[in-house]
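**Q** Please see the structure below; I have some questions.
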Amino acid sequence: MSNTVGILFALLAGISIAAMAIFVRMATKKGGDAFTAVIVSLVLNLIIIIPAVAMIYYPEYGITLRSFLAFVGAGLTGTLTGRVFYFEGISRVGASRADAIKATMPIFATITAILVLGEDPTTTHILAILAVVMGVWIISSEIMLNKGGESVVGKRRDIIYPVLAAVCFGFEPIFARIGVLEGTPAQVGVSIKILIAATGFLLYFVWKEELPDVKEFLADREIAKWHILAGLANTSMMVFYYAAIENAPVVFVVPFLQTSPLFVVIFSYIWIQDIERISWRLVLGVIVMICAAIIITTIA
């Protein structure tokens, strides 16, 4: 029963990721920018998750120096840089393509585990990685061959943004695994990640001597609405994802988490056909990469 609950939470997390991608796409289509989407998501994470975790786990948070440093690494790679690259990728190549490429995260996580943890790759691992490369190539070709329908076609080099997002997200579970093995609750780790990312952005704004203008953000209520919805979807994703981790092994959770590109394609077809053209190449690329991701995570 616990595994079933975990899988259900993982599916809800995948749906949340897909919803977030669609909302970010709508915001950028109407004149918003990826950086604002990152800031709004982070603010909502702070407002919703931090107080809840502080109350639930008070006064014992189970933090050690090793786990703290590990979750700092997770925050810098996933919550900060990974999110920036991901949202910028959505802005440049579209939600369906960016999320499909981002879903290769388990591949990079596996490669990192091999290099850092000394795990031996199997023939199946190698074949799955080659399949992912093929899936990325299919999607990249589709971006170049898109002849209409989608306002943001993108250039082939723009694919680097969701690829970098996948790499950063791939590093995150390695750091998170180290932190959890220290006995720190996963939700506490999420809070550390969020606080580190918030500190990073605060230092950036101090360096630039320019803080976000709330009045300017709310000036266009339509764009602000999509940014806020994306932030709420991101927050729900974190809650569902770590609830899944608590109830089921990672090898059960991650494959179902990587179903997000399928939901993005479905949501795009239903709601934003005018800006997201769903071609057979895109569907094929998504299927190839999801199958490869599932193979790797289930045999890891």
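Labels used: A, B, ... for chains in the order of the structure tokens, numbers from 1 for residues in each chain, and numbers from 1 for ligands as shown.
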Extract, using only C-alpha atoms, all DNA, RNA and protein residues at most 9 Å from Pro212 in chain A, discarding same-chain residues fewer than 5 positions from it, and format them as a PyMOL selection string.

**A** chain A and resi 36+39+205+217

**Q** Let's have the selection written as a short mmCIF file (atom, residue, chain, number, x, y, z; two decimals), in the first residue's frame, with N, CA, C and O atoms.

**A**
```cif
data_model
loop_
_atom_site.label_atom_id
_atom_site.label_comp_id
_atom_site.auth_asym_id
_atom_site.auth_seq_id
_atom_site.Cartn_x
_atom_site.Cartn_y
_atom_site.Cartn_z
N THR A 36 11.59 36.15 -14.05
CA THR A 36 10.50 36.50 -13.13
C THR A 36 9.77 35.26 -12.66
O THR A 36 9.38 35.16 -11.49
N ILE A 39 11.73 33.75 -9.83
CA ILE A 39 11.61 34.52 -8.59
C ILE A 39 10.26 34.30 -7.93
O ILE A 39 10.16 34.08 -6.71
N PHE A 205 20.71 40.30 -6.33
CA PHE A 205 20.02 41.60 -6.37
C PHE A 205 20.82 42.68 -5.64
O PHE A 205 20.84 43.84 -6.05
N PHE A 217 5.50 44.24 -11.18
CA PHE A 217 5.08 42.86 -11.42
C PHE A 217 3.55 42.76 -11.50
O PHE A 217 3.01 42.05 -12.35
#
```

**Q** With only C-alpha atoms counted and 7 Å as the cut-off, give the residues of range 9-122 of chain A in contact with range 231-241 of chain A, each with its shortest interatomic distance in Å and the pair that gives it, as a Markdown table.

**A**
```
| residue | atom | partner | partner_atom | distance |
| --- | --- | --- | --- | --- |
| A:Phe9 | CA | A:Phe240 | CA | 5.1 |
| A:Ala10 | CA | A:Tyr241 | CA | 5.7 |
| A:Leu12 | CA | A:Phe240 | CA | 6.4 |
| A:Ala13 | CA | A:Met237 | CA | 4.5 |
| A:Ser16 | CA | A:Met237 | CA | 5.2 |
| A:Ile17 | CA | A:Met237 | CA | 6.2 |
| A:Ala19 | CA | A:Ala233 | CA | 6.3 |
| A:Met20 | CA | A:Ala233 | CA | 5.1 |
| A:Val40 | CA | A:Gly231 | CA | 5.9 |
| A:Ser41 | CA | A:Gly231 | CA | 3.7 |
| A:Leu44 | CA | A:Gly231 | CA | 6.0 |
| A:Asn45 | CA | A:Thr235 | CA | 5.5 |
```

**Q** Env of Thr4 in chain A: 10 Å cut, atoms = only C-alpha atoms, seq-sep filter 4 positions within chain, self excluded. Answer as a PyMOL selection string.

**A** chain A and resi 8-10+244+247-248+252-253

**Q** Emit the selected residues as a PDB file, in the first residue's frame, including C-alpha atoms.

**A**
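Result saved to part-v3.pdb:
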```
ATOM      1  CA  LEU A   8       0.270   8.201  -6.741  1.00  0.00           C
ATOM      2  CA  PHE A   9       2.167  11.141  -5.243  1.00  0.00           C
ATOM      3  CA  ALA A  10       4.824  10.797  -7.966  1.00  0.00           C
ATOM      4  CA  ALA A 244       6.351  10.185  -2.768  1.00  0.00           C
ATOM      5  CA  ASN A 247       6.245   6.481   0.906  1.00  0.00           C
ATOM      6  CA  ALA A 248       8.086   4.526  -1.784  1.00  0.00           C
ATOM      7  CA  PHE A 252       9.437   3.438  -7.988  1.00  0.00           C
ATOM      8  CA  VAL A 253       9.053   7.198  -7.722  1.00  0.00           C
TER       9      VAL A 253
END
```

**Q** Compare A:Gly170, A:Pro162, A:Gly6, A:Gly285 by their minimum atom-to-atom distance to Arg92 in chain A, counting only C-alpha atoms, and give me the closest one.

**A**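 Among the listed residues, A:Pro162 lies closest to Arg92 in chain A.
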
**Q** I need the residues in range 10-252 of chain A that are alpha helix (DSSP H) according to DSSP; give them as JSON, numbers by chain.

**A** {"A": [10, 11, 12, 13, 14, 15, 16, 17, 18, 19, 20, 21, 22, 23, 24, 25, 26, 27, 28, 29, 34, 35, 36, 37, 38, 39, 40, 41, 42, 43, 44, 45, 46, 47, 48, 49, 50, 51, 52, 53, 54, 55, 56, 65, 66, 67, 68, 69, 70, 71, 72, 73, 74, 83, 84, 85, 86, 87, 88, 89, 90, 91, 92, 93, 95, 96, 97, 98, 99, 100, 101, 102, 105, 106, 107, 108, 109, 110, 111, 112, 113, 114, 115, 116, 117, 123, 124, 125, 126, 127, 128, 129, 130, 131, 132, 133, 134, 135, 136, 137, 138, 139, 140, 141, 142, 143, 144, 145, 160, 161, 162, 163, 164, 165, 166, 167, 168, 169, 170, 171, 172, 173, 174, 175, 176, 177, 178, 179, 180, 181, 186, 187, 188, 189, 190, 191, 192, 193, 194, 195, 196, 197, 198, 199, 200, 201, 202, 203, 204, 205, 206, 207, 208, 214, 215, 216, 217, 218, 219, 221, 222, 223, 224, 225, 226, 227, 228, 229, 230, 231, 232, 233, 234, 235, 236, 237, 238, 239, 240, 241, 242, 243, 244, 245, 246, 247, 250, 251, 252]}

**Q** My list of candidates is A:Phe263, A:Tyr242, A:Tyr61, A:Phe35. Which is closest to Tyr86 in chain A when distances are computed with only C-alpha atoms?

**A**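 Of all the options, A:Phe35 lies closest to Tyr86 in chain A.
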
**Q** Please indicate the distance in Å from CA of Ile287 in chain A to CA of Ala131 in chain A, rounded to one decimal place.

**A**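 Separation between CA of Ile287 in chain A and CA of Ala131 in chain A: 10.3 Å.
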
**Q** Pick the closest to Arg66 in chain A from A:Ile266, A:Ile49, A:Ile178, A:Ile101: which is it, counting only C-alpha atoms?

**A**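 For Arg66 in chain A, the nearest of the candidates is A:Ile178.
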
**Q** Which distance in Å separates CA of Lys215 in chain A and CA of Val93 in chain A, to one decimal?

**A**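 The value is 29.2 Å.
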
**Q** Rounded to one decimal in Å, what is the spacing between CA of Ile245 in chain A and CA of Lys193 in chain A?

**A**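 Rounded to one decimal, the two atoms are 16.2 Å apart.
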
**Q** Might you pull out every residue within 12 Å of Ala37 in chain A, with only C-alpha atoms counted and same-chain residues fewer than 3 positions away left off, and present them as a PyMOL selection string?

**A** chain A and resi 20-28+31-34+40-44+83-88+90-91+217+223-234

**Q** Selected residues, N, CA, C and O atoms, written as a short mmCIF file (atom, residue, chain, number, x, y, z; two decimals), in the first residue's frame, please.

**A**
```
data_model
loop_
_atom_site.label_atom_id
_atom_site.label_comp_id
_atom_site.auth_asym_id
_atom_site.auth_seq_id
_atom_site.Cartn_x
_atom_site.Cartn_y
_atom_site.Cartn_z
N MET A 20 3.11 23.46 -14.41
CA MET A 20 4.06 24.56 -14.26
C MET A 20 4.64 24.96 -15.61
O MET A 20 4.74 26.16 -15.92
N ALA A 21 5.01 23.99 -16.43
CA ALA A 21 5.57 24.29 -17.75
C ALA A 21 4.57 25.05 -18.62
O ALA A 21 4.94 26.01 -19.31
N ILE A 22 3.31 24.65 -18.58
CA ILE A 22 2.28 25.33 -19.38
C ILE A 22 2.09 26.76 -18.89
O ILE A 22 2.00 27.70 -19.69
N PHE A 23 2.05 26.95 -17.57
CA PHE A 23 1.83 28.29 -17.01
C PHE A 23 3.00 29.22 -17.34
O PHE A 23 2.80 30.39 -17.67
N VAL A 24 4.23 28.70 -17.25
CA VAL A 24 5.39 29.50 -17.60
C VAL A 24 5.35 29.86 -19.08
O VAL A 24 5.66 31.00 -19.47
N ARG A 25 4.94 28.91 -19.90
CA ARG A 25 4.84 29.17 -21.35
C ARG A 25 3.83 30.27 -21.64
O ARG A 25 4.07 31.14 -22.49
N MET A 26 2.71 30.23 -20.94
CA MET A 26 1.69 31.27 -21.14
C MET A 26 2.20 32.63 -20.69
O MET A 26 1.95 33.65 -21.35
N ALA A 27 2.92 32.66 -19.58
CA ALA A 27 3.45 33.93 -19.08
C ALA A 27 4.45 34.53 -20.05
O ALA A 27 4.40 35.73 -20.36
N THR A 28 5.37 33.71 -20.55
CA THR A 28 6.38 34.23 -21.47
C THR A 28 5.77 34.60 -22.82
O THR A 28 6.23 35.53 -23.48
N GLY A 31 4.45 38.13 -22.68
CA GLY A 31 5.40 39.20 -22.40
C GLY A 31 6.19 39.03 -21.13
O GLY A 31 7.06 39.85 -20.82
N GLY A 32 5.89 38.00 -20.35
CA GLY A 32 6.66 37.75 -19.14
C GLY A 32 8.02 37.18 -19.48
O GLY A 32 8.33 36.91 -20.64
N ASP A 33 8.85 36.98 -18.48
CA ASP A 33 10.18 36.43 -18.72
C ASP A 33 10.46 35.30 -17.75
O ASP A 33 9.85 35.20 -16.68
N ALA A 34 11.39 34.44 -18.15
CA ALA A 34 11.69 33.25 -17.36
C ALA A 34 12.26 33.59 -15.99
O ALA A 34 11.98 32.91 -15.00
N VAL A 40 9.18 34.34 -8.72
CA VAL A 40 7.83 34.16 -8.17
C VAL A 40 7.70 32.76 -7.57
O VAL A 40 7.15 32.59 -6.47
N SER A 41 8.21 31.75 -8.26
CA SER A 41 8.15 30.38 -7.74
C SER A 41 8.89 30.26 -6.42
O SER A 41 8.42 29.64 -5.47
N LEU A 42 10.06 30.89 -6.37
CA LEU A 42 10.86 30.82 -5.16
C LEU A 42 10.18 31.53 -3.98
O LEU A 42 10.18 31.02 -2.85
N VAL A 43 9.57 32.67 -4.26
CA VAL A 43 8.86 33.40 -3.20
C VAL A 43 7.71 32.57 -2.65
O VAL A 43 7.50 32.48 -1.43
N LEU A 44 6.95 31.94 -3.53
CA LEU A 44 5.83 31.11 -3.09
C LEU A 44 6.34 29.88 -2.33
O LEU A 44 5.70 29.44 -1.36
N ARG A 83 16.53 25.50 -12.19
CA ARG A 83 15.26 26.15 -12.44
C ARG A 83 15.40 27.30 -13.44
O ARG A 83 14.55 27.50 -14.30
N VAL A 84 16.50 28.06 -13.33
CA VAL A 84 16.74 29.16 -14.27
C VAL A 84 16.86 28.63 -15.70
O VAL A 84 16.24 29.14 -16.64
N PHE A 85 17.69 27.60 -15.88
CA PHE A 85 17.87 27.02 -17.21
C PHE A 85 16.57 26.42 -17.74
O PHE A 85 16.25 26.54 -18.93
N TYR A 86 15.80 25.78 -16.87
CA TYR A 86 14.55 25.14 -17.29
C TYR A 86 13.54 26.17 -17.78
O TYR A 86 12.96 26.03 -18.86
N PHE A 87 13.32 27.21 -17.00
CA PHE A 87 12.34 28.22 -17.39
C PHE A 87 12.79 28.98 -18.63
O PHE A 87 11.97 29.35 -19.47
N GLU A 88 14.10 29.22 -18.75
CA GLU A 88 14.61 29.89 -19.95
C GLU A 88 14.42 28.98 -21.16
O GLU A 88 14.12 29.46 -22.27
N ILE A 90 11.98 26.82 -21.56
CA ILE A 90 10.56 26.91 -21.91
C ILE A 90 10.30 28.15 -22.75
O ILE A 90 9.58 28.11 -23.75
N SER A 91 10.92 29.26 -22.35
CA SER A 91 10.73 30.52 -23.07
C SER A 91 11.26 30.43 -24.50
O SER A 91 10.67 30.99 -25.42
N PHE A 217 5.50 44.24 -11.18
CA PHE A 217 5.08 42.86 -11.42
C PHE A 217 3.55 42.76 -11.50
O PHE A 217 3.01 42.05 -12.35
N ILE A 223 -0.22 38.61 -16.92
CA ILE A 223 1.08 37.96 -16.81
C ILE A 223 1.35 37.51 -15.38
O ILE A 223 1.84 36.40 -15.14
N ALA A 224 1.02 38.38 -14.41
CA ALA A 224 1.23 38.04 -13.01
C ALA A 224 0.45 36.78 -12.63
O ALA A 224 0.95 35.93 -11.88
N LYS A 225 -0.76 36.65 -13.18
CA LYS A 225 -1.58 35.48 -12.89
C LYS A 225 -0.88 34.19 -13.30
O LYS A 225 -0.81 33.22 -12.52
N TRP A 226 -0.30 34.16 -14.52
CA TRP A 226 0.36 32.95 -15.00
C TRP A 226 1.63 32.66 -14.21
O TRP A 226 1.95 31.50 -13.94
N HIS A 227 2.36 33.72 -13.83
CA HIS A 227 3.55 33.52 -13.01
C HIS A 227 3.19 32.91 -11.65
O HIS A 227 3.88 32.01 -11.15
N ILE A 228 2.13 33.42 -11.04
CA ILE A 228 1.70 32.92 -9.72
C ILE A 228 1.22 31.48 -9.83
O ILE A 228 1.55 30.63 -8.98
N LEU A 229 0.47 31.17 -10.87
CA LEU A 229 0.01 29.79 -11.07
C LEU A 229 1.20 28.85 -11.27
O LEU A 229 1.21 27.73 -10.74
N ALA A 230 2.21 29.30 -12.00
CA ALA A 230 3.42 28.48 -12.19
C ALA A 230 4.12 28.25 -10.85
O ALA A 230 4.60 27.14 -10.56
N GLY A 231 4.17 29.30 -10.02
CA GLY A 231 4.79 29.17 -8.70
C GLY A 231 4.05 28.21 -7.80
O GLY A 231 4.65 27.41 -7.08
N LEU A 232 2.73 28.25 -7.84
CA LEU A 232 1.93 27.33 -7.03
C LEU A 232 2.10 25.89 -7.52
O LEU A 232 2.18 24.95 -6.71
N ALA A 233 2.17 25.72 -8.84
CA ALA A 233 2.39 24.38 -9.40
C ALA A 233 3.75 23.85 -8.99
O ALA A 233 3.91 22.67 -8.65
N ASN A 234 4.77 24.72 -8.99
CA ASN A 234 6.11 24.31 -8.57
C ASN A 234 6.12 23.91 -7.10
O ASN A 234 6.75 22.92 -6.71
#
```

**Q** With only C-alpha atoms as the basis for distance, which of A:Ile159, A:Ile63, A:Phe256, A:Pro51 is at the shortest distance from Ile7 in chain A?

**A**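 Using only C-alpha atoms, the shortest distance to Ile7 in chain A belongs to A:Phe256.
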